[in-house]
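Chemist: Next comes the structure file data_32.csv, holding CSV, C-alpha atoms.
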chain,number,residue,atom,x,y,z
A,1,MET,CA,-17.3,114.1,105.6
A,2,THR,CA,-20.5,112.3,104.8
A,3,SER,CA,-22.3,111.6,101.5
A,4,SER,CA,-24.2,108.7,100.1
A,5,THR,CA,-21.0,106.8,99.3
A,6,VAL,CA,-18.6,107.6,102.1
A,7,ALA,CA,-18.8,108.1,105.9
A,8,ASP,CA,-16.5,108.7,108.7
A,9,TRP,CA,-16.2,106.4,111.7
A,10,ALA,CA,-18.7,108.5,113.8
A,11,ASP,CA,-21.3,108.2,111.0
A,12,PHE,CA,-20.9,104.4,111.0
A,13,ALA,CA,-21.0,104.2,114.8
A,14,THR,CA,-24.2,106.2,114.9
A,15,ALA,CA,-25.8,104.2,112.1
A,16,GLU,CA,-24.8,100.7,113.5
A,17,PRO,CA,-23.6,101.1,117.1
A,18,ALA,CA,-23.6,97.4,117.9
A,19,LEU,CA,-21.6,96.4,114.9
A,20,ALA,CA,-19.2,99.4,115.4
A,21,ALA,CA,-18.5,98.2,118.9
A,22,ILE,CA,-17.7,94.7,117.6
A,23,VAL,CA,-15.4,96.1,114.9
A,24,GLU,CA,-13.6,98.3,117.4
A,25,ALA,CA,-13.1,95.5,119.8
A,26,ARG,CA,-11.7,93.3,117.1
A,27,PHE,CA,-9.2,96.0,116.1
A,28,GLY,CA,-8.5,96.7,119.8
A,29,ALA,CA,-7.7,93.0,120.6
A,30,TYR,CA,-4.4,93.2,118.7
A,31,THR,CA,-1.9,95.9,117.8
A,32,HIS,CA,-1.0,95.0,114.3
A,33,HIS,CA,-3.4,94.6,111.4
A,34,THR,CA,-3.2,94.3,107.6
A,35,LEU,CA,-3.6,97.1,105.2
A,36,ALA,CA,-4.1,96.6,101.4
A,37,THR,CA,-3.2,99.4,99.1
A,38,LEU,CA,-2.7,99.6,95.3
A,39,ARG,CA,0.8,99.8,93.8
A,40,ARG,CA,1.5,102.1,90.8
A,41,ASP,CA,0.8,99.2,88.4
A,42,GLY,CA,-2.5,98.4,90.1
A,43,SER,CA,-1.5,95.2,91.8
A,44,PRO,CA,-2.2,94.9,95.5
A,45,ARG,CA,0.3,95.6,98.3
A,46,THR,CA,-0.4,94.3,101.9
A,47,SER,CA,1.4,95.8,104.8
A,48,GLY,CA,1.3,95.7,108.6
A,49,LEU,CA,-0.3,98.7,110.3
A,50,GLU,CA,-1.5,100.0,113.6
A,51,VAL,CA,-4.8,101.9,113.7
A,52,ARG,CA,-6.5,104.3,116.1
A,53,PHE,CA,-10.1,105.2,116.7
A,54,LEU,CA,-10.1,108.8,118.0
A,55,GLY,CA,-12.5,111.7,117.9
A,56,GLY,CA,-15.0,109.9,115.7
A,57,GLU,CA,-12.4,109.0,113.1
A,58,LEU,CA,-10.4,105.9,112.1
A,59,TRP,CA,-6.8,107.0,111.8
A,60,LEU,CA,-3.9,105.4,109.9
A,61,GLY,CA,-0.4,106.5,110.9
A,62,MET,CA,2.7,105.5,108.9
A,63,MET,CA,6.4,106.0,108.7
A,64,PRO,CA,7.7,108.7,106.5
A,65,GLY,CA,8.1,107.6,102.9
A,66,SER,CA,6.7,104.2,103.5
A,67,LEU,CA,5.4,102.4,100.3
A,68,LYS,CA,1.9,102.1,101.7
A,69,ALA,CA,1.8,105.9,102.4
A,70,LEU,CA,3.0,106.6,98.9
A,71,ASP,CA,0.4,104.2,97.5
A,72,LEU,CA,-2.3,106.0,99.4
A,73,ARG,CA,-1.1,109.4,98.2
A,74,ARG,CA,-1.4,108.2,94.6
A,75,ASP,CA,-4.6,106.2,95.0
A,76,PRO,CA,-6.5,106.6,98.3
A,77,ARG,CA,-8.4,103.3,98.1
A,78,PHE,CA,-7.7,100.8,100.9
A,79,ALA,CA,-8.9,97.7,102.6
A,80,LEU,CA,-8.1,97.1,106.2
A,81,GLN,CA,-8.3,93.6,107.8
A,82,ALA,CA,-8.3,93.1,111.6
A,83,ASN,CA,-5.7,90.7,112.9
A,84,PRO,CA,-7.5,87.3,113.3
A,85,GLY,CA,-5.4,86.4,116.3
A,86,ASP,CA,-4.2,83.1,117.5
A,87,GLY,CA,-5.9,79.9,116.4
A,88,THR,CA,-9.2,79.8,114.5
A,89,GLY,CA,-11.6,81.2,117.1
A,90,MET,CA,-11.7,84.8,115.9
A,91,GLY,CA,-13.8,85.9,118.8
A,92,GLY,CA,-16.2,88.6,117.4
A,93,GLY,CA,-15.7,87.4,113.9
A,94,ASP,CA,-13.5,88.5,111.0
A,95,VAL,CA,-13.8,92.2,110.2
A,96,ARG,CA,-12.6,94.4,107.4
A,97,ILE,CA,-13.1,98.0,106.4
A,98,GLY,CA,-12.9,99.4,102.9
A,99,GLY,CA,-12.6,103.1,101.9
A,100,ARG,CA,-10.4,106.0,101.0
A,101,ALA,CA,-7.6,107.5,103.1
A,102,VAL,CA,-7.2,111.2,103.1
A,103,GLU,CA,-3.8,112.6,104.2
A,104,VAL,CA,-4.0,115.0,107.1
A,105,GLU,CA,-1.8,118.1,106.7
A,106,ASP,CA,-3.7,120.3,109.2
A,107,ALA,CA,-1.3,121.2,112.0
A,108,GLU,CA,-4.0,121.3,114.7
A,109,ALA,CA,-5.4,117.9,113.8
A,110,ARG,CA,-1.9,116.4,113.6
A,111,ALA,CA,-1.0,118.0,117.0
A,112,ALA,CA,-4.2,116.4,118.6
A,113,TYR,CA,-3.2,113.0,117.2
A,114,VAL,CA,0.4,113.4,118.5
A,115,LYS,CA,-0.9,114.3,121.9
A,116,GLU,CA,-3.0,111.1,122.1
A,117,VAL,CA,-0.8,108.6,120.3
A,118,GLU,CA,2.8,109.9,120.7
A,119,PRO,CA,4.0,108.4,117.4
A,120,PRO,CA,7.6,108.6,116.3
A,121,GLU,CA,8.1,111.7,114.2
A,122,PRO,CA,8.0,112.4,111.4
A,123,PHE,CA,5.1,110.4,110.1
A,124,HIS,CA,2.2,110.3,107.6
A,125,LEU,CA,-1.3,110.6,109.0
A,126,PHE,CA,-4.4,109.6,107.2
A,127,ARG,CA,-8.1,109.8,108.2
A,128,THR,CA,-10.5,107.4,106.6
A,129,GLU,CA,-13.6,107.7,104.6
A,130,LEU,CA,-15.5,104.4,104.8
A,131,THR,CA,-17.2,102.8,101.9
A,132,GLU,CA,-17.8,99.4,103.5
A,133,VAL,CA,-17.6,97.6,106.8
A,134,VAL,CA,-17.9,93.8,106.7
A,135,ARG,CA,-18.1,91.3,109.5
A,136,THR,CA,-18.1,87.5,108.9
A,137,CYS,CA,-18.7,85.1,111.8
A,138,VAL,CA,-20.2,81.7,112.6
A,139,GLU,CA,-23.4,81.4,114.6
A,140,GLY,CA,-24.4,77.8,115.3
A,141,ASP,CA,-24.3,76.0,112.0
A,142,CYS,CA,-24.5,79.2,109.9
A,143,LEU,CA,-21.9,81.5,108.4
A,144,VAL,CA,-23.2,85.1,108.9
A,145,VAL,CA,-22.0,88.0,106.8
A,146,GLN,CA,-22.9,91.5,107.8
A,147,VAL,CA,-22.3,94.3,105.3
A,148,TRP,CA,-22.7,98.0,106.0
A,149,GLN,CA,-22.3,100.7,103.3
A,150,PRO,CA,-23.0,104.4,103.8
A,151,GLY,CA,-26.7,105.4,103.2
A,152,GLU,CA,-27.8,101.7,103.1
A,153,PRO,CA,-29.4,99.5,105.8
A,154,LEU,CA,-27.2,96.8,107.3
A,155,ARG,CA,-27.4,93.7,105.2
A,156,THR,CA,-27.1,90.3,106.8
A,157,VAL,CA,-26.7,87.1,104.8
A,158,ARG,CA,-26.9,83.7,106.6
A,159,ARG,CA,-25.5,80.6,104.9
A,160,ALA,CA,-26.1,77.1,106.3
Let's see the structure in the file written out as structure tokens.

Modeler:
Amino acid sequence: MTSSTVADWADFATAEPALAAIVEARFGAYTHHTLATLRRDGSPRTSGLEVRFLGGELWLGMMPGSLKALDLRRDPRFALQANPGDGTGMGGGDVRIGGRAVEVEDAEARAAYVKEVEPPEPFHLFRTELTEVVRTCVEGDCLVVQVWQPGEPLRTVRRA
């Protein structure tokens, strides 16, 4: 699904293939990442999560009845932070993705996911609609922040 304010992973990868490759590599470097959702009272909840990039989509799978899944059912907004890894090197930079999670009920889509991932069942499955992808890294003596939003050119800010 694409509009001026949301995009799927394939839209992002087409628009910014180099940045998409870096982001996928950062998420691929470790199994567990951090998902932020909104509790019923509006306060943030952070949880560990595994993610998958399959078929032009970024997928979020969760245990049945997990609080993060219930949060997303109530309010689909999320922020996803890649595991920074050991030490302070953060090869490839710090990356995060913001957007909305849409629960997948379609049996065919779920079956395709199960075939690829083999998750423990039952489970919640969400596909993502991206509203922002951000990469922060250090290049020489500069802090570099790259921000992509659907329908907008990639913005790069350098701070000395």

Chemist: Using only C-alpha atoms, I'd like a table of the residues in segment 73-120 of chain A that come within 12 Å of segment 140-159 of chain A; for each, show the closest atom pair and its distance in Å rounded to one decimal, ordered by chain and ascending number, as a tab-separated table.

Modeler:
residue	atom	partner	partner_atom	distance
A:Gly92	CA	A:Val144	CA	11.6
A:Gly93	CA	A:Val144	CA	9.3
A:Asp94	CA	A:Val145	CA	9.5
A:Val95	CA	A:Gln146	CA	9.4
A:Arg96	CA	A:Val147	CA	9.9
A:Ile97	CA	A:Trp148	CA	9.6
A:Gly98	CA	A:Gln149	CA	9.5
A:Gly99	CA	A:Gln149	CA	10.1

Chemist: Can you tell me how far atom CA of Thr34 of chain A sits from atom CA of Asp71 of chain A, in Å to one decimal?

Modeler: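 Answer for the atom CA of Thr34 of chain A to atom CA of Asp71 of chain A separation: 14.6 Å.
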
Chemist: Neighbours of Ser66 of chain A within 12 Å (all atoms listed in the file; same-chain residues fewer than 2 positions away dropped), as a list of chain:residue names?

Modeler: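 Returned residues: A:Thr37, A:Arg45, A:Ser47, A:Gly48, A:Leu49, A:Gly61, A:Met62, A:Met63, A:Pro64, A:Lys68, A:Ala69, A:Leu70, A:Asp71, A:Leu72, A:Arg73, A:Pro122, A:Phe123, A:His124, A:Leu125.
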
Chemist: Would you list the residues near (-10.1, 107.0, 108.4) (no more than 10 Å away, in the coordinates of the file, using only C-alpha atoms) as a list of chain:residue names?

Modeler: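 I get A:Ala7, A:Asp8, A:Trp9, A:Val51, A:Arg52, A:Phe53, A:Leu54, A:Gly56, A:Glu57, A:Leu58, A:Trp59, A:Leu60, A:Ile97, A:Gly98, A:Gly99, A:Arg100, A:Ala101, A:Val102, A:Glu103, A:Leu125, A:Phe126, A:Arg127, A:Thr128, A:Glu129, A:Leu130 for the residues within 10 Å of that point.
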
Chemist: In Å to one decimal, how far is atom CA of Arg26 of chain A from atom CA of Ala79 of chain A?

Modeler: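 It comes out at 15.4 Å.
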
Chemist: Identify which of the residues A:Ala18, A:Asp75, A:Ala112, A:Asp106 lies closest to Asp41 of chain A, counting only C-alpha atoms when measuring atom-to-atom distances.

Modeler: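 Nearest to Asp41 of chain A: A:Asp75.
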